[in-house]
Amino acid sequence: MENDEKYNEKLQKVYKIKEELEKELEKKGIKIPNKIQEKEKVRVVYKPDQEIEALNLSINKINNWFDIIIEDIDISNEKLAYFLELRLNNKPTLGYSNQFGLMHLFRGDFQKAEKFFLLKENDPDSQMNLSFLKIIRNDEDAINYLKNLMDKYPQNGLSYLSMSLFFLKKKEYYNAYNFIKIANKYLNYSIIDIALSLYEKDIQKALSYISKAYLEGKAKNKLNFFNYYISLFNSDLERASSFSSMIKEVKTPCQKCIKALSTNQIYTTEDYCLFGEQVLFQLGKPKTFALDNTELYDTILYAYFYNKNIKSFNNFCILISALFNKVSVLLFPAVNELQRNKQDIFSTNKNAIKFDLPGPLYYENLTKLLNDLEKQYQRKFDFSLDLPFFEALRLLFGWRMCQYLYNVDS
């Protein structure tokens, strides 16, 4: 008790000294507030994202990786993951395991994505998503997993479509084409028929699917892209321009390639956009490329032939045959014997003679063929590699798939 009284006396003296100090400071014009003012709380306001707000889509329509494509979702991976997060709020984990898995996949957390895809082992969508993850992650068992998937779900188009991605990643375009073709026997999407027809350069066939594709209402932005390239193959520049003008914002590599071709201006595409290299070459503004990492197949083969690099020519033809199942060339009268005419990606050259070169002596067979034509027509002949429009297959899947297939940092 006595100690408490002494403590109170000391405390009162301290307060008295404090009051005297405050009076002295006030005389000097320094005002001391009676209460310590609390810092005003800053209210953080998150502005709504227009792209996410515009995406009026039920979470139940996104069950597998192909749904992202067919529903025409074109926002960035980051925004797509956030969109999924918003829609998954208060949703049960097991019931929406695929959506949760895709959310983590688009955030680059493949380990978490896999855990969600494994929650429902007998669910087809979960297995399709896991197959996609195995492809982009370069899992050693990816090809066996995909084979088992086709055996397990022989009438599910997505099992074949997943296998096509595997071959697309390896740039084996003929194999990818065949699996897409099988897939569409079950999926029956007109936009896939358009992609297959454009790959074959059967432009009239591609056009025959256009009206039906618009009625189906799937992947309409990609449909406009296909229409643009169909117009170029038809040399209908006015029609091509109308589809190019539909692109208001140039964000994705697919949009950049079309704008570059339509305006003759350079649009720098991301490294994972392999077609960007061909676009620059088409514009006469090629970038430096490595022989072991380029898709300028015609240019390389032509250089090997006229430099009489027989071994390299034959080896390169073997590569072409592995990627496209054959080595097909177009033969036509040479306009200028000293300089080759610029080759147009979108030229069908209907007057040229088409010939499939037999191997393994590709160089020798082509030389003989050109000599025979010169003797027969009394003029020099030139050649070009006749490849399918294989970009149509990548265009079907879109820039996001290319990012995962060809970008080592994805």
# chains A, B, ... in the order shown; residues from 1 in each chain; ligands from 1
$ residues_around --residues "Asn264 of chain A" --least-positions-apart "2" --cutoff "12 Å" --atoms "only C-alpha atoms" --output "PyMOL selection string"
chain A and resi 256-262+266-267+279-285
$ residues_around --residues "segment 349-354 of chain A" --least-positions-apart "6" --cutoff "12 Å" --atoms "only C-alpha atoms" --output "PyMOL selection string"
chain A and resi 201+233-235+327-334+343+369-370+373+381-387
$ atom_distance --atom1 "atom CA of Leu323 of chain A" --atom2 "atom CA of Ser347 of chain A"
21.2 Å
$ select_by_dssp --residues "segment 221-404 of chain A" --states "helix (DSSP H, G or I)" --output "ChimeraX atom specification"
/A:221-233,237-244,253-263,275-282,297-306,310-324,362-377,391-397,399-404
$ atom_distance --atom1 "atom CA of Ile52 of chain A" --atom2 "atom CA of Gly157 of chain A"
29.4 Å
$ atom_distance --atom1 "atom CA of Ile136 of chain A" --atom2 "atom CA of Phe110 of chain A"
9.8 Å
$ select_by_dssp --residues "segment 307-372 of chain A" --states "strand (DSSP E)" --output "list in words"
Ser328, Val329, Leu330, Leu331, Phe332, Pro333, Ile353, Lys354, Phe355 and Asp356 of chain A
$ closest_residue --among "A:Pro124, A:Leu133, A:Tyr160, A:Gln376" --to "Lys112 of chain A" --atoms "only C-alpha atoms"
A:Leu133
$ residues_around --residues "Leu84 of chain A" --least-positions-apart "6" --cutoff "9 Å" --atoms "only C-alpha atoms" --output "ChimeraX atom specification"
/A:59,99-100,102-103
$ residues_around --residues "segment 126-129 of chain A" --least-positions-apart "3" --cutoff "9 Å" --atoms "only C-alpha atoms" --output "VMD selection string"
chain A and resid 63 to 66 97 to 98 101 to 102 114 116 to 123 132 to 134 146 149 158 to 159 162
$ write_last_selection --atoms "C-alpha atoms" --output "PDB file, in the first residue's frame"
ATOM      1  CA  ASN A  63     -13.527 -28.499 -67.973  1.00  0.00           C
ATOM      2  CA  ASN A  64     -10.455 -29.206 -70.090  1.00  0.00           C
ATOM      3  CA  TRP A  65      -7.683 -27.457 -72.005  1.00  0.00           C
ATOM      4  CA  PHE A  66      -9.609 -27.561 -75.314  1.00  0.00           C
ATOM      5  CA  SER A  97     -10.946 -30.160 -59.505  1.00  0.00           C
ATOM      6  CA  ASN A  98     -10.313 -29.610 -63.233  1.00  0.00           C
ATOM      7  CA  GLY A 101      -6.042 -27.573 -61.765  1.00  0.00           C
ATOM      8  CA  LEU A 102      -6.259 -25.354 -64.839  1.00  0.00           C
ATOM      9  CA  GLU A 114      -1.196 -32.209 -61.301  1.00  0.00           C
ATOM     10  CA  PHE A 116      -5.924 -31.514 -58.766  1.00  0.00           C
ATOM     11  CA  PHE A 117      -5.988 -33.474 -62.043  1.00  0.00           C
ATOM     12  CA  LEU A 118      -5.280 -36.652 -60.076  1.00  0.00           C
ATOM     13  CA  LEU A 119      -8.195 -36.162 -57.669  1.00  0.00           C
ATOM     14  CA  LYS A 120     -10.591 -37.864 -60.097  1.00  0.00           C
ATOM     15  CA  GLU A 121      -8.546 -40.591 -61.782  1.00  0.00           C
ATOM     16  CA  ASN A 122     -11.417 -41.998 -63.857  1.00  0.00           C
ATOM     17  CA  ASP A 123     -12.665 -38.646 -65.120  1.00  0.00           C
ATOM     18  CA  PHE A 132      -1.633 -31.774 -71.756  1.00  0.00           C
ATOM     19  CA  LEU A 133       0.474 -31.146 -68.657  1.00  0.00           C
ATOM     20  CA  LYS A 134       2.709 -34.104 -69.493  1.00  0.00           C
ATOM     21  CA  LEU A 146      -1.363 -40.624 -74.581  1.00  0.00           C
ATOM     22  CA  LEU A 149      -5.662 -42.563 -73.271  1.00  0.00           C
ATOM     23  CA  LEU A 158      -9.920 -35.141 -77.111  1.00  0.00           C
ATOM     24  CA  SER A 159      -7.681 -38.191 -76.679  1.00  0.00           C
ATOM     25  CA  SER A 162      -4.084 -34.423 -77.198  1.00  0.00           C
TER      26      SER A 162
END
$ decode --residues "segment 37-189 of chain A" --atoms "C-alpha atoms" --output "PDB file, in the first residue's frame"
ATOM      1  CA  GLN A  37      -3.878  11.074 -33.761  1.00  0.00           C
ATOM      2  CA  GLU A  38      -4.394   7.712 -35.419  1.00  0.00           C
ATOM      3  CA  LYS A  39      -3.132   7.338 -38.943  1.00  0.00           C
ATOM      4  CA  GLU A  40      -5.927   7.579 -41.405  1.00  0.00           C
ATOM      5  CA  LYS A  41      -6.653   4.216 -42.921  1.00  0.00           C
ATOM      6  CA  VAL A  42      -6.022   4.051 -46.660  1.00  0.00           C
ATOM      7  CA  ARG A  43      -8.794   2.312 -48.507  1.00  0.00           C
ATOM      8  CA  VAL A  44      -7.513   0.223 -51.391  1.00  0.00           C
ATOM      9  CA  VAL A  45      -9.898   0.122 -54.326  1.00  0.00           C
ATOM     10  CA  TYR A  46      -9.308  -2.580 -56.926  1.00  0.00           C
ATOM     11  CA  LYS A  47     -10.414  -1.460 -60.346  1.00  0.00           C
ATOM     12  CA  PRO A  48     -12.365  -4.120 -62.238  1.00  0.00           C
ATOM     13  CA  ASP A  49     -10.511  -5.603 -65.204  1.00  0.00           C
ATOM     14  CA  GLN A  50     -12.447  -4.965 -68.409  1.00  0.00           C
ATOM     15  CA  GLU A  51     -11.252  -8.132 -70.144  1.00  0.00           C
ATOM     16  CA  ILE A  52     -12.255 -10.320 -67.209  1.00  0.00           C
ATOM     17  CA  GLU A  53     -15.561  -8.498 -66.781  1.00  0.00           C
ATOM     18  CA  ALA A  54     -16.315  -8.997 -70.486  1.00  0.00           C
ATOM     19  CA  LEU A  55     -15.743 -12.748 -70.204  1.00  0.00           C
ATOM     20  CA  ASN A  56     -19.342 -13.771 -69.626  1.00  0.00           C
ATOM     21  CA  LEU A  57     -18.810 -17.497 -69.337  1.00  0.00           C
ATOM     22  CA  SER A  58     -19.961 -20.122 -66.869  1.00  0.00           C
ATOM     23  CA  ILE A  59     -17.192 -21.938 -65.014  1.00  0.00           C
ATOM     24  CA  ASN A  60     -19.007 -25.171 -65.889  1.00  0.00           C
ATOM     25  CA  LYS A  61     -18.086 -24.686 -69.554  1.00  0.00           C
ATOM     26  CA  ILE A  62     -14.363 -24.903 -68.795  1.00  0.00           C
ATOM     27  CA  ASN A  63     -13.527 -28.499 -67.973  1.00  0.00           C
ATOM     28  CA  ASN A  64     -10.455 -29.206 -70.090  1.00  0.00           C
ATOM     29  CA  TRP A  65      -7.683 -27.457 -72.005  1.00  0.00           C
ATOM     30  CA  PHE A  66      -9.609 -27.561 -75.314  1.00  0.00           C
ATOM     31  CA  ASP A  67     -12.595 -25.739 -73.806  1.00  0.00           C
ATOM     32  CA  ILE A  68     -10.317 -22.685 -73.461  1.00  0.00           C
ATOM     33  CA  ILE A  69      -9.814 -22.795 -77.232  1.00  0.00           C
ATOM     34  CA  ILE A  70     -13.311 -23.590 -78.427  1.00  0.00           C
ATOM     35  CA  GLU A  71     -14.882 -20.991 -76.096  1.00  0.00           C
ATOM     36  CA  ASP A  72     -12.633 -18.339 -77.684  1.00  0.00           C
ATOM     37  CA  ILE A  73     -10.928 -17.222 -74.455  1.00  0.00           C
ATOM     38  CA  ASP A  74      -8.111 -14.913 -75.515  1.00  0.00           C
ATOM     39  CA  ILE A  75      -7.046 -13.155 -72.299  1.00  0.00           C
ATOM     40  CA  SER A  76      -3.562 -13.639 -70.832  1.00  0.00           C
ATOM     41  CA  ASN A  77      -2.687 -16.668 -68.708  1.00  0.00           C
ATOM     42  CA  GLU A  78      -2.482 -14.461 -65.638  1.00  0.00           C
ATOM     43  CA  LYS A  79      -5.942 -12.982 -66.195  1.00  0.00           C
ATOM     44  CA  LEU A  80      -7.400 -16.348 -67.099  1.00  0.00           C
ATOM     45  CA  ALA A  81      -6.110 -17.810 -63.829  1.00  0.00           C
ATOM     46  CA  TYR A  82      -7.623 -14.875 -61.936  1.00  0.00           C
ATOM     47  CA  PHE A  83     -10.927 -15.325 -63.780  1.00  0.00           C
ATOM     48  CA  LEU A  84     -10.993 -18.968 -62.690  1.00  0.00           C
ATOM     49  CA  GLU A  85     -10.104 -17.981 -59.122  1.00  0.00           C
ATOM     50  CA  LEU A  86     -13.028 -15.553 -58.976  1.00  0.00           C
ATOM     51  CA  ARG A  87     -15.488 -18.079 -60.362  1.00  0.00           C
ATOM     52  CA  LEU A  88     -14.204 -20.835 -58.058  1.00  0.00           C
ATOM     53  CA  ASN A  89     -14.879 -18.848 -54.905  1.00  0.00           C
ATOM     54  CA  ASN A  90     -16.793 -21.081 -52.446  1.00  0.00           C
ATOM     55  CA  LYS A  91     -16.873 -23.927 -54.987  1.00  0.00           C
ATOM     56  CA  PRO A  92     -16.139 -27.498 -53.736  1.00  0.00           C
ATOM     57  CA  THR A  93     -12.633 -28.694 -54.557  1.00  0.00           C
ATOM     58  CA  LEU A  94     -13.564 -32.177 -55.734  1.00  0.00           C
ATOM     59  CA  GLY A  95     -16.483 -31.044 -57.867  1.00  0.00           C
ATOM     60  CA  TYR A  96     -14.341 -28.441 -59.633  1.00  0.00           C
ATOM     61  CA  SER A  97     -10.946 -30.160 -59.505  1.00  0.00           C
ATOM     62  CA  ASN A  98     -10.313 -29.610 -63.233  1.00  0.00           C
ATOM     63  CA  GLN A  99     -10.974 -25.886 -62.996  1.00  0.00           C
ATOM     64  CA  PHE A 100      -8.731 -25.608 -59.931  1.00  0.00           C
ATOM     65  CA  GLY A 101      -6.042 -27.573 -61.765  1.00  0.00           C
ATOM     66  CA  LEU A 102      -6.259 -25.354 -64.839  1.00  0.00           C
ATOM     67  CA  MET A 103      -6.058 -22.270 -62.633  1.00  0.00           C
ATOM     68  CA  HIS A 104      -2.749 -23.473 -61.173  1.00  0.00           C
ATOM     69  CA  LEU A 105      -1.509 -24.586 -64.598  1.00  0.00           C
ATOM     70  CA  PHE A 106      -2.024 -21.115 -66.057  1.00  0.00           C
ATOM     71  CA  ARG A 107      -0.145 -19.692 -63.068  1.00  0.00           C
ATOM     72  CA  GLY A 108       2.776 -21.959 -63.864  1.00  0.00           C
ATOM     73  CA  ASP A 109       2.415 -24.157 -60.773  1.00  0.00           C
ATOM     74  CA  PHE A 110       2.440 -27.508 -62.560  1.00  0.00           C
ATOM     75  CA  GLN A 111       2.883 -29.504 -59.359  1.00  0.00           C
ATOM     76  CA  LYS A 112      -0.335 -28.155 -57.827  1.00  0.00           C
ATOM     77  CA  ALA A 113      -2.135 -28.533 -61.154  1.00  0.00           C
ATOM     78  CA  GLU A 114      -1.196 -32.209 -61.301  1.00  0.00           C
ATOM     79  CA  LYS A 115      -2.511 -32.842 -57.781  1.00  0.00           C
ATOM     80  CA  PHE A 116      -5.924 -31.514 -58.766  1.00  0.00           C
ATOM     81  CA  PHE A 117      -5.988 -33.474 -62.043  1.00  0.00           C
ATOM     82  CA  LEU A 118      -5.280 -36.652 -60.076  1.00  0.00           C
ATOM     83  CA  LEU A 119      -8.195 -36.162 -57.669  1.00  0.00           C
ATOM     84  CA  LYS A 120     -10.591 -37.864 -60.097  1.00  0.00           C
ATOM     85  CA  GLU A 121      -8.546 -40.591 -61.782  1.00  0.00           C
ATOM     86  CA  ASN A 122     -11.417 -41.998 -63.857  1.00  0.00           C
ATOM     87  CA  ASP A 123     -12.665 -38.646 -65.120  1.00  0.00           C
ATOM     88  CA  PRO A 124     -11.932 -38.199 -68.879  1.00  0.00           C
ATOM     89  CA  ASP A 125     -11.451 -34.425 -68.598  1.00  0.00           C
ATOM     90  CA  SER A 126      -8.975 -34.846 -65.732  1.00  0.00           C
ATOM     91  CA  GLN A 127      -6.947 -37.299 -67.794  1.00  0.00           C
ATOM     92  CA  MET A 128      -7.026 -35.047 -70.872  1.00  0.00           C
ATOM     93  CA  ASN A 129      -5.748 -32.173 -68.737  1.00  0.00           C
ATOM     94  CA  LEU A 130      -3.028 -34.354 -67.253  1.00  0.00           C
ATOM     95  CA  SER A 131      -1.977 -35.434 -70.757  1.00  0.00           C
ATOM     96  CA  PHE A 132      -1.633 -31.774 -71.756  1.00  0.00           C
ATOM     97  CA  LEU A 133       0.474 -31.146 -68.657  1.00  0.00           C
ATOM     98  CA  LYS A 134       2.709 -34.104 -69.493  1.00  0.00           C
ATOM     99  CA  ILE A 135       3.239 -32.803 -73.040  1.00  0.00           C
ATOM    100  CA  ILE A 136       4.247 -29.268 -72.061  1.00  0.00           C
ATOM    101  CA  ARG A 137       6.365 -30.578 -69.182  1.00  0.00           C
ATOM    102  CA  ASN A 138       8.206 -33.016 -71.489  1.00  0.00           C
ATOM    103  CA  ASP A 139       7.446 -35.997 -69.247  1.00  0.00           C
ATOM    104  CA  GLU A 140       9.206 -39.170 -70.399  1.00  0.00           C
ATOM    105  CA  ASP A 141       5.996 -41.185 -70.107  1.00  0.00           C
ATOM    106  CA  ALA A 142       3.925 -38.660 -72.108  1.00  0.00           C
ATOM    107  CA  ILE A 143       3.701 -40.743 -75.304  1.00  0.00           C
ATOM    108  CA  ASN A 144       2.720 -43.922 -73.415  1.00  0.00           C
ATOM    109  CA  TYR A 145       0.148 -42.020 -71.361  1.00  0.00           C
ATOM    110  CA  LEU A 146      -1.363 -40.624 -74.581  1.00  0.00           C
ATOM    111  CA  LYS A 147      -1.478 -44.075 -76.199  1.00  0.00           C
ATOM    112  CA  ASN A 148      -3.252 -45.483 -73.158  1.00  0.00           C
ATOM    113  CA  LEU A 149      -5.662 -42.563 -73.271  1.00  0.00           C
ATOM    114  CA  MET A 150      -6.652 -43.406 -76.868  1.00  0.00           C
ATOM    115  CA  ASP A 151      -7.091 -47.068 -75.927  1.00  0.00           C
ATOM    116  CA  LYS A 152      -9.192 -46.149 -72.902  1.00  0.00           C
ATOM    117  CA  TYR A 153     -11.343 -43.541 -74.692  1.00  0.00           C
ATOM    118  CA  PRO A 154     -11.370 -44.604 -78.371  1.00  0.00           C
ATOM    119  CA  GLN A 155     -14.475 -42.489 -79.123  1.00  0.00           C
ATOM    120  CA  ASN A 156     -13.392 -39.363 -77.281  1.00  0.00           C
ATOM    121  CA  GLY A 157     -12.015 -36.848 -79.775  1.00  0.00           C
ATOM    122  CA  LEU A 158      -9.920 -35.141 -77.111  1.00  0.00           C
ATOM    123  CA  SER A 159      -7.681 -38.191 -76.679  1.00  0.00           C
ATOM    124  CA  TYR A 160      -6.628 -37.880 -80.356  1.00  0.00           C
ATOM    125  CA  LEU A 161      -6.452 -34.102 -80.154  1.00  0.00           C
ATOM    126  CA  SER A 162      -4.084 -34.423 -77.198  1.00  0.00           C
ATOM    127  CA  MET A 163      -1.875 -36.739 -79.234  1.00  0.00           C
ATOM    128  CA  SER A 164      -1.856 -34.181 -82.039  1.00  0.00           C
ATOM    129  CA  LEU A 165      -0.409 -31.628 -79.598  1.00  0.00           C
ATOM    130  CA  PHE A 166       2.399 -34.052 -78.820  1.00  0.00           C
ATOM    131  CA  PHE A 167       3.378 -34.216 -82.494  1.00  0.00           C
ATOM    132  CA  LEU A 168       2.825 -30.491 -82.999  1.00  0.00           C
ATOM    133  CA  LYS A 169       5.385 -29.861 -80.271  1.00  0.00           C
ATOM    134  CA  LYS A 170       7.839 -32.121 -82.131  1.00  0.00           C
ATOM    135  CA  LYS A 171       6.955 -30.268 -85.377  1.00  0.00           C
ATOM    136  CA  GLU A 172       5.842 -33.524 -86.975  1.00  0.00           C
ATOM    137  CA  TYR A 173       3.035 -31.803 -88.804  1.00  0.00           C
ATOM    138  CA  TYR A 174       1.776 -34.709 -90.879  1.00  0.00           C
ATOM    139  CA  ASN A 175       1.256 -36.834 -87.755  1.00  0.00           C
ATOM    140  CA  ALA A 176      -0.424 -33.910 -85.975  1.00  0.00           C
ATOM    141  CA  TYR A 177      -2.704 -33.414 -89.000  1.00  0.00           C
ATOM    142  CA  ASN A 178      -3.740 -37.076 -89.007  1.00  0.00           C
ATOM    143  CA  PHE A 179      -4.633 -37.143 -85.328  1.00  0.00           C
ATOM    144  CA  ILE A 180      -6.642 -33.913 -85.645  1.00  0.00           C
ATOM    145  CA  LYS A 181      -8.471 -35.520 -88.554  1.00  0.00           C
ATOM    146  CA  ILE A 182      -9.336 -38.592 -86.459  1.00  0.00           C
ATOM    147  CA  ALA A 183     -10.351 -36.365 -83.521  1.00  0.00           C
ATOM    148  CA  ASN A 184     -12.874 -34.470 -85.604  1.00  0.00           C
ATOM    149  CA  LYS A 185     -14.702 -37.642 -86.559  1.00  0.00           C
ATOM    150  CA  TYR A 186     -15.962 -37.527 -82.983  1.00  0.00           C
ATOM    151  CA  LEU A 187     -15.872 -33.772 -82.244  1.00  0.00           C
ATOM    152  CA  ASN A 188     -17.386 -32.683 -85.578  1.00  0.00           C
ATOM    153  CA  TYR A 189     -16.412 -29.003 -85.397  1.00  0.00           C
TER     154      TYR A 189
END
